[in-house]
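First the structure, in the form of structure tokens, and then the observations on it.
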Amino acid sequence: SLPCRSDATAEKEMTLAIIKPDGLYDNYTDKIKNAISDSGFRILNERLVQLDEDAAMSFYAEHSSRSFFSDLVSGPVLIMVLEKENAVADWRTLIGPTDASKAKITHPNSIRAMCGKDLQRNCVHGSDSLQSAQREISFFFKEKSPGSGSMGHDEL
Ligand code: GDP
Ligand code: MG
């Protein structure tokens with residue numbers, strides 16, 4: 001018969017979480033980190049960084065033509081790599097829908113319901129696919145190649 005896979009050997013996945021400037025300003029970091037560990041994620045790596053507008057634009061490449069993009073993550077942000085089984089989908093579930101004002105009604109236990117305000121100020125980011133997660137983790141954590149220039153995020 002096939003060997004049973006225990007939890008210890010089950011395949012882990014990584015996703016990128018960000019506490020956006022609005023979440024940091026309102027001091028939600030501890031509550032968010034408690035929700036993260038209570039839900040079985042492990043924080044593998046974290047960095048507090050200051051994103052300038054160019055870095056914010058390249059992070060949100062798919063939104064860079066829309067007027068609100070530069071406000072989204074320009075400023076101080078806490079970047080975290082989260083690990084667990086099914087991390088990408090489970091983190092999206094835990095943060096809740098994009099519009100925090102709606103999340104307060106439809107997903108009252110979600111992180112965005114707890115600390116977000118509206119469609120733009122929703123306090124946290126989560127990668128939307130495994131592919132996005134890999135791109136976003138590399139954006140913040142891969143060593144810069146020589147001559148690649150500043151990525152525009154300064155360690156705080
Ligand atoms: P997410 O994956 O749930 O974060 O949502 P999206 O990828 O669609 O958008 C990225 C971020 O842009 C959201 O988290 C919001 O902060 C912001 N955003 C999305 N849609 C809108 C919008 O219609 N208006 C404004 N002002 N901000 C938006
Ligand atoms: Mg998105």
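A note on labels: chains of the structure tokens are A, B, ... as shown, every chain counts residues from 1, and ligands are counted from 1 in their shown order.
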List all protein, DNA and RNA residues that have any atom at most 8 Å from ligand 1, counting only C-alpha atoms and all ligand atoms, and write the list as a PyMOL selection string.
chain A and resi 60+63+67-69+72+92+96-99+119-128
Residues just named, written with N, CA and C atoms as a PDB file, in the first residue's frame:
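Heads up, here's the output in selection25.pdb:
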```pdb
ATOM      1  N   TYR A  60       3.311  46.537  -8.806  1.00  0.00           N
ATOM      2  CA  TYR A  60       1.929  46.454  -9.264  1.00  0.00           C
ATOM      3  C   TYR A  60       1.875  46.679 -10.775  1.00  0.00           C
ATOM      4  N   HIS A  63      -1.271  47.014 -12.643  1.00  0.00           N
ATOM      5  CA  HIS A  63      -2.143  48.154 -12.331  1.00  0.00           C
ATOM      6  C   HIS A  63      -1.511  49.487 -12.689  1.00  0.00           C
ATOM      7  N   SER A  67      -4.857  55.061 -12.114  1.00  0.00           N
ATOM      8  CA  SER A  67      -4.432  56.259 -11.405  1.00  0.00           C
ATOM      9  C   SER A  67      -4.052  56.005  -9.949  1.00  0.00           C
ATOM     10  N   PHE A  68      -4.634  54.990  -9.337  1.00  0.00           N
ATOM     11  CA  PHE A  68      -4.416  54.809  -7.909  1.00  0.00           C
ATOM     12  C   PHE A  68      -3.189  53.991  -7.575  1.00  0.00           C
ATOM     13  N   PHE A  69      -2.509  53.426  -8.610  1.00  0.00           N
ATOM     14  CA  PHE A  69      -1.485  52.425  -8.317  1.00  0.00           C
ATOM     15  C   PHE A  69      -0.414  52.909  -7.354  1.00  0.00           C
ATOM     16  N   LEU A  72      -0.835  52.781  -3.621  1.00  0.00           N
ATOM     17  CA  LEU A  72      -1.163  51.519  -2.973  1.00  0.00           C
ATOM     18  C   LEU A  72      -0.106  51.070  -1.993  1.00  0.00           C
ATOM     19  N   ARG A  92      -5.118  34.284   0.695  1.00  0.00           N
ATOM     20  CA  ARG A  92      -6.162  35.101   0.058  1.00  0.00           C
ATOM     21  C   ARG A  92      -7.488  34.946   0.827  1.00  0.00           C
ATOM     22  N   GLY A  96      -9.397  38.085   2.859  1.00  0.00           N
ATOM     23  CA  GLY A  96     -10.752  38.469   2.466  1.00  0.00           C
ATOM     24  C   GLY A  96     -10.779  39.271   1.186  1.00  0.00           C
ATOM     25  N   PRO A  97     -11.978  39.716   0.792  1.00  0.00           N
ATOM     26  CA  PRO A  97     -12.143  40.401  -0.488  1.00  0.00           C
ATOM     27  C   PRO A  97     -11.453  41.770  -0.539  1.00  0.00           C
ATOM     28  N   THR A  98     -11.180  42.227  -1.760  1.00  0.00           N
ATOM     29  CA  THR A  98     -10.433  43.467  -1.983  1.00  0.00           C
ATOM     30  C   THR A  98     -11.086  44.666  -1.295  1.00  0.00           C
ATOM     31  N   ASP A  99     -12.394  44.784  -1.417  1.00  0.00           N
ATOM     32  CA  ASP A  99     -13.085  45.944  -0.844  1.00  0.00           C
ATOM     33  C   ASP A  99     -13.342  45.714   0.648  1.00  0.00           C
ATOM     34  N   LEU A 119     -12.096  50.154  -0.635  1.00  0.00           N
ATOM     35  CA  LEU A 119     -11.580  49.408  -1.786  1.00  0.00           C
ATOM     36  C   LEU A 119     -10.082  49.614  -1.978  1.00  0.00           C
ATOM     37  N   GLN A 120      -9.604  50.795  -1.681  1.00  0.00           N
ATOM     38  CA  GLN A 120      -8.169  51.061  -1.854  1.00  0.00           C
ATOM     39  C   GLN A 120      -7.371  50.766  -0.592  1.00  0.00           C
ATOM     40  N   ARG A 121      -7.868  51.260   0.536  1.00  0.00           N
ATOM     41  CA  ARG A 121      -7.122  51.085   1.793  1.00  0.00           C
ATOM     42  C   ARG A 121      -7.591  49.791   2.458  1.00  0.00           C
ATOM     43  N   ASN A 122      -6.962  48.696   2.020  1.00  0.00           N
ATOM     44  CA  ASN A 122      -7.385  47.384   2.522  1.00  0.00           C
ATOM     45  C   ASN A 122      -6.261  46.688   3.292  1.00  0.00           C
ATOM     46  N   CYS A 123      -5.285  47.418   3.681  1.00  0.00           N
ATOM     47  CA  CYS A 123      -4.239  47.108   4.672  1.00  0.00           C
ATOM     48  C   CYS A 123      -3.284  45.952   4.379  1.00  0.00           C
ATOM     49  N   VAL A 124      -3.672  45.008   3.552  1.00  0.00           N
ATOM     50  CA  VAL A 124      -2.769  43.890   3.265  1.00  0.00           C
ATOM     51  C   VAL A 124      -2.829  43.475   1.799  1.00  0.00           C
ATOM     52  N   HIS A 125      -1.728  42.880   1.379  1.00  0.00           N
ATOM     53  CA  HIS A 125      -1.618  42.304   0.043  1.00  0.00           C
ATOM     54  C   HIS A 125      -1.430  40.803   0.160  1.00  0.00           C
ATOM     55  N   GLY A 126      -1.906  40.081  -0.835  1.00  0.00           N
ATOM     56  CA  GLY A 126      -1.606  38.655  -0.968  1.00  0.00           C
ATOM     57  C   GLY A 126      -1.439  38.293  -2.420  1.00  0.00           C
ATOM     58  N   SER A 127      -0.423  37.492  -2.710  1.00  0.00           N
ATOM     59  CA  SER A 127      -0.207  37.012  -4.085  1.00  0.00           C
ATOM     60  C   SER A 127      -1.467  36.303  -4.570  1.00  0.00           C
ATOM     61  N   ASP A 128      -1.796  36.496  -5.870  1.00  0.00           N
ATOM     62  CA  ASP A 128      -3.049  35.923  -6.368  1.00  0.00           C
ATOM     63  C   ASP A 128      -2.879  34.578  -7.058  1.00  0.00           C
TER      64      ASP A 128
END
```
Near-segment 24-37 of chain A list (12 Å; only C-alpha atoms; drop same-chain fewer than 6 positions) as a PyMOL selection string
chain A and resi 17-18+43-44+46+48-50+73+75-84+87+90-95+109-117+121-125
Using the selection just defined, write its residues with C-alpha atoms as an mmCIF file, in the first residue's frame.
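Okay, this is what ended up in result-v1.cif:
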```cif
data_model
loop_
_atom_site.group_PDB
_atom_site.id
_atom_site.type_symbol
_atom_site.label_atom_id
_atom_site.label_comp_id
_atom_site.auth_asym_id
_atom_site.auth_seq_id
_atom_site.Cartn_x
_atom_site.Cartn_y
_atom_site.Cartn_z
ATOM 1 C CA ALA A 17 2.122 39.009 2.248
ATOM 2 C CA ILE A 18 2.469 42.758 2.651
ATOM 3 C CA ILE A 43 6.799 33.595 8.583
ATOM 4 C CA LEU A 44 9.966 32.520 6.731
ATOM 5 C CA GLU A 46 10.385 39.550 6.669
ATOM 6 C CA LEU A 48 10.418 46.467 6.651
ATOM 7 C CA VAL A 49 11.064 48.569 3.574
ATOM 8 C CA GLN A 50 10.293 51.955 2.144
ATOM 9 C CA VAL A 73 2.205 50.567 -1.600
ATOM 10 C CA GLY A 75 5.625 54.295 1.727
ATOM 11 C CA PRO A 76 6.668 51.975 4.520
ATOM 12 C CA VAL A 77 5.549 48.368 4.099
ATOM 13 C CA LEU A 78 6.201 45.137 5.961
ATOM 14 C CA ILE A 79 7.023 42.359 3.516
ATOM 15 C CA MET A 80 6.615 38.750 4.701
ATOM 16 C CA VAL A 81 7.132 35.384 3.045
ATOM 17 C CA LEU A 82 4.529 32.989 4.447
ATOM 18 C CA GLU A 83 4.769 29.221 4.278
ATOM 19 C CA LYS A 84 2.207 26.475 4.714
ATOM 20 C CA ALA A 87 -0.402 29.068 1.272
ATOM 21 C CA ASP A 90 -5.329 30.149 2.113
ATOM 22 C CA TRP A 91 -3.731 33.600 2.591
ATOM 23 C CA ARG A 92 -6.162 35.101 0.058
ATOM 24 C CA THR A 93 -9.020 33.507 2.026
ATOM 25 C CA LEU A 94 -7.682 34.828 5.324
ATOM 26 C CA ILE A 95 -7.291 38.416 4.050
ATOM 27 C CA ASN A 109 -13.480 37.439 10.339
ATOM 28 C CA SER A 110 -11.097 38.369 7.551
ATOM 29 C CA ILE A 111 -8.021 40.529 8.039
ATOM 30 C CA ARG A 112 -9.285 43.201 5.636
ATOM 31 C CA ALA A 113 -12.531 43.406 7.624
ATOM 32 C CA MET A 114 -10.459 43.884 10.782
ATOM 33 C CA CYS A 115 -7.996 46.506 9.574
ATOM 34 C CA GLY A 116 -9.069 47.788 6.153
ATOM 35 C CA LYS A 117 -11.228 50.784 5.343
ATOM 36 C CA ARG A 121 -7.122 51.085 1.793
ATOM 37 C CA ASN A 122 -7.385 47.384 2.522
ATOM 38 C CA CYS A 123 -4.239 47.108 4.672
ATOM 39 C CA VAL A 124 -2.769 43.890 3.265
ATOM 40 C CA HIS A 125 -1.618 42.304 0.043
#
```
For segment 135-140 of chain A: contacts at 9 Å, only C-alpha atoms, fewer than 3 positions along chain excluded, given as a PyMOL selection string
chain A and resi 14-16+47+59+79-81+127+130-132+143+151+153
Only N, CA and C atoms, please: the residues just picked out, written as a PDB file, in the first residue's frame.
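Printed below is out_34.pdb as written:
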```
ATOM      1  N   MET A  14       4.813  28.713  -0.701  1.00  0.00           N
ATOM      2  CA  MET A  14       5.112  30.052  -0.186  1.00  0.00           C
ATOM      3  C   MET A  14       4.252  31.094  -0.884  1.00  0.00           C
ATOM      4  N   THR A  15       3.903  32.123  -0.131  1.00  0.00           N
ATOM      5  CA  THR A  15       3.202  33.260  -0.718  1.00  0.00           C
ATOM      6  C   THR A  15       3.772  34.544  -0.151  1.00  0.00           C
ATOM      7  N   LEU A  16       3.494  35.662  -0.824  1.00  0.00           N
ATOM      8  CA  LEU A  16       3.980  36.947  -0.327  1.00  0.00           C
ATOM      9  C   LEU A  16       2.836  37.729   0.309  1.00  0.00           C
ATOM     10  N   ARG A  47      10.844  41.791   5.959  1.00  0.00           N
ATOM     11  CA  ARG A  47      11.629  43.013   5.784  1.00  0.00           C
ATOM     12  C   ARG A  47      10.691  44.205   5.894  1.00  0.00           C
ATOM     13  N   PHE A  59       6.115  46.762  -8.877  1.00  0.00           N
ATOM     14  CA  PHE A  59       5.479  45.680  -8.114  1.00  0.00           C
ATOM     15  C   PHE A  59       4.060  45.449  -8.609  1.00  0.00           C
ATOM     16  N   ILE A  79       7.066  43.454   4.483  1.00  0.00           N
ATOM     17  CA  ILE A  79       7.023  42.359   3.516  1.00  0.00           C
ATOM     18  C   ILE A  79       7.268  41.046   4.261  1.00  0.00           C
ATOM     19  N   MET A  80       6.424  40.047   4.039  1.00  0.00           N
ATOM     20  CA  MET A  80       6.615  38.750   4.701  1.00  0.00           C
ATOM     21  C   MET A  80       6.434  37.607   3.711  1.00  0.00           C
ATOM     22  N   VAL A  81       7.325  36.628   3.783  1.00  0.00           N
ATOM     23  CA  VAL A  81       7.132  35.384   3.045  1.00  0.00           C
ATOM     24  C   VAL A  81       6.468  34.398   3.999  1.00  0.00           C
ATOM     25  N   SER A 127      -0.423  37.492  -2.710  1.00  0.00           N
ATOM     26  CA  SER A 127      -0.207  37.012  -4.085  1.00  0.00           C
ATOM     27  C   SER A 127      -1.467  36.303  -4.570  1.00  0.00           C
ATOM     28  N   LEU A 130       0.297  31.089  -7.674  1.00  0.00           N
ATOM     29  CA  LEU A 130       1.623  30.567  -7.377  1.00  0.00           C
ATOM     30  C   LEU A 130       2.681  31.317  -8.184  1.00  0.00           C
ATOM     31  N   GLN A 131       2.339  31.619  -9.441  1.00  0.00           N
ATOM     32  CA  GLN A 131       3.271  32.336 -10.316  1.00  0.00           C
ATOM     33  C   GLN A 131       3.526  33.761  -9.797  1.00  0.00           C
ATOM     34  N   SER A 132       2.458  34.449  -9.396  1.00  0.00           N
ATOM     35  CA  SER A 132       2.636  35.788  -8.815  1.00  0.00           C
ATOM     36  C   SER A 132       3.470  35.714  -7.545  1.00  0.00           C
ATOM     37  N   GLU A 143      18.797  38.205  -4.432  1.00  0.00           N
ATOM     38  CA  GLU A 143      19.981  39.070  -4.490  1.00  0.00           C
ATOM     39  C   GLU A 143      19.934  39.848  -5.797  1.00  0.00           C
ATOM     40  N   MET A 151      16.597  48.851  -6.793  1.00  0.00           N
ATOM     41  CA  MET A 151      15.218  48.412  -6.922  1.00  0.00           C
ATOM     42  C   MET A 151      14.294  49.437  -6.284  1.00  0.00           C
ATOM     43  N   HIS A 153      13.800  50.133  -3.122  1.00  0.00           N
ATOM     44  CA  HIS A 153      13.258  49.934  -1.781  1.00  0.00           C
ATOM     45  C   HIS A 153      14.396  49.935  -0.770  1.00  0.00           C
TER      46      HIS A 153
END
```
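Between atom CA of Ser74 of chain A and atom CA of Ala133 of chain A lies a distance of 19.6 Å.
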Residues of segment 23-91 of chain A in helix (DSSP H, G or I), written as number ranges by chain:
A: 23-25, 29-38, 53-59, 61-63, 69-73, 87-91
re atom CA of Lys102 of chain A and atom CA of Ala61 of chain A: distance 25.4 Å
Let's see if you can do this: from backbone DSSP, list all strand (DSSP E) residues in chain A, as a compact mmCIF listing (two decimals) with N, CA and C atoms, in the first residue's frame.
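Here's the written file states_6.txt:
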```txt
# COMPACT_ATOMS: atom_id res chain seq x y z
N GLU A 13 4.00 25.47 0.54
CA GLU A 13 3.96 26.45 -0.54
C GLU A 13 4.30 27.80 0.09
N MET A 14 4.81 28.71 -0.70
CA MET A 14 5.11 30.05 -0.19
C MET A 14 4.25 31.09 -0.88
N THR A 15 3.90 32.12 -0.13
CA THR A 15 3.20 33.26 -0.72
C THR A 15 3.77 34.54 -0.15
N LEU A 16 3.49 35.66 -0.82
CA LEU A 16 3.98 36.95 -0.33
C LEU A 16 2.84 37.73 0.31
N ALA A 17 3.07 38.15 1.53
CA ALA A 17 2.12 39.01 2.25
C ALA A 17 2.78 40.37 2.45
N ILE A 18 1.97 41.41 2.36
CA ILE A 18 2.47 42.76 2.65
C ILE A 18 1.48 43.44 3.58
N ILE A 19 2.00 44.03 4.66
CA ILE A 19 1.19 44.98 5.41
C ILE A 19 1.46 46.33 4.77
N ARG A 42 3.80 29.95 8.68
CA ARG A 42 5.08 30.28 9.28
C ARG A 42 5.65 31.46 8.51
N ILE A 43 6.15 32.46 9.24
CA ILE A 43 6.80 33.60 8.58
C ILE A 43 8.26 33.22 8.34
N LEU A 44 8.61 32.99 7.06
CA LEU A 44 9.97 32.52 6.73
C LEU A 44 10.96 33.66 6.71
N ASN A 45 10.47 34.84 6.36
CA ASN A 45 11.37 35.96 6.13
C ASN A 45 10.55 37.23 6.19
N GLU A 46 11.11 38.28 6.71
CA GLU A 46 10.38 39.55 6.67
C GLU A 46 11.33 40.72 6.56
N ARG A 47 10.84 41.79 5.96
CA ARG A 47 11.63 43.01 5.78
C ARG A 47 10.69 44.21 5.89
N LEU A 48 11.13 45.19 6.64
CA LEU A 48 10.42 46.47 6.65
C LEU A 48 11.12 47.37 5.65
N VAL A 49 10.42 47.77 4.62
CA VAL A 49 11.06 48.57 3.57
C VAL A 49 10.23 49.80 3.23
N GLN A 50 10.93 50.74 2.65
CA GLN A 50 10.29 51.96 2.14
C GLN A 50 10.24 51.83 0.63
N LEU A 51 9.05 51.77 0.06
CA LEU A 51 8.93 51.64 -1.40
C LEU A 51 8.76 53.01 -2.01
N GLY A 75 5.49 54.01 0.31
CA GLY A 75 5.62 54.30 1.73
C GLY A 75 6.19 53.08 2.43
N PRO A 76 6.13 53.10 3.77
CA PRO A 76 6.67 51.97 4.52
C PRO A 76 5.74 50.77 4.43
N VAL A 77 6.33 49.61 4.18
CA VAL A 77 5.55 48.37 4.10
C VAL A 77 6.31 47.25 4.80
N LEU A 78 5.58 46.32 5.37
CA LEU A 78 6.20 45.14 5.96
C LEU A 78 5.96 43.97 5.02
N ILE A 79 7.07 43.45 4.48
CA ILE A 79 7.02 42.36 3.52
C ILE A 79 7.27 41.05 4.26
N MET A 80 6.42 40.05 4.04
CA MET A 80 6.61 38.75 4.70
C MET A 80 6.43 37.61 3.71
N VAL A 81 7.33 36.63 3.78
CA VAL A 81 7.13 35.38 3.04
C VAL A 81 6.47 34.40 4.00
N LEU A 82 5.28 33.92 3.61
CA LEU A 82 4.53 32.99 4.45
C LEU A 82 4.60 31.59 3.86
N GLU A 83 4.70 30.61 4.73
CA GLU A 83 4.77 29.22 4.28
C GLU A 83 3.73 28.37 4.97
N LYS A 84 3.07 27.56 4.22
CA LYS A 84 2.21 26.48 4.71
C LYS A 84 1.73 25.68 3.51
N VAL A 124 -3.67 45.01 3.55
CA VAL A 124 -2.77 43.89 3.26
C VAL A 124 -2.83 43.48 1.80
N HIS A 125 -1.73 42.88 1.38
CA HIS A 125 -1.62 42.30 0.04
C HIS A 125 -1.43 40.80 0.16
N GLY A 126 -1.91 40.08 -0.84
CA GLY A 126 -1.61 38.66 -0.97
C GLY A 126 -1.44 38.29 -2.42
N HIS A 153 13.80 50.13 -3.12
CA HIS A 153 13.26 49.93 -1.78
C HIS A 153 14.40 49.93 -0.77
N ASP A 154 14.30 50.83 0.16
CA ASP A 154 15.32 50.98 1.19
C ASP A 154 14.87 50.29 2.46
N GLU A 155 15.81 49.61 3.07
CA GLU A 155 15.53 48.97 4.34
C GLU A 155 15.24 50.04 5.38
```
Would you compute the distance between atom CA of Asp38 of chain A and atom CA of Glu85 of chain A? Give it in Å to one decimal.
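Those two atoms sit 14.3 Å apart.
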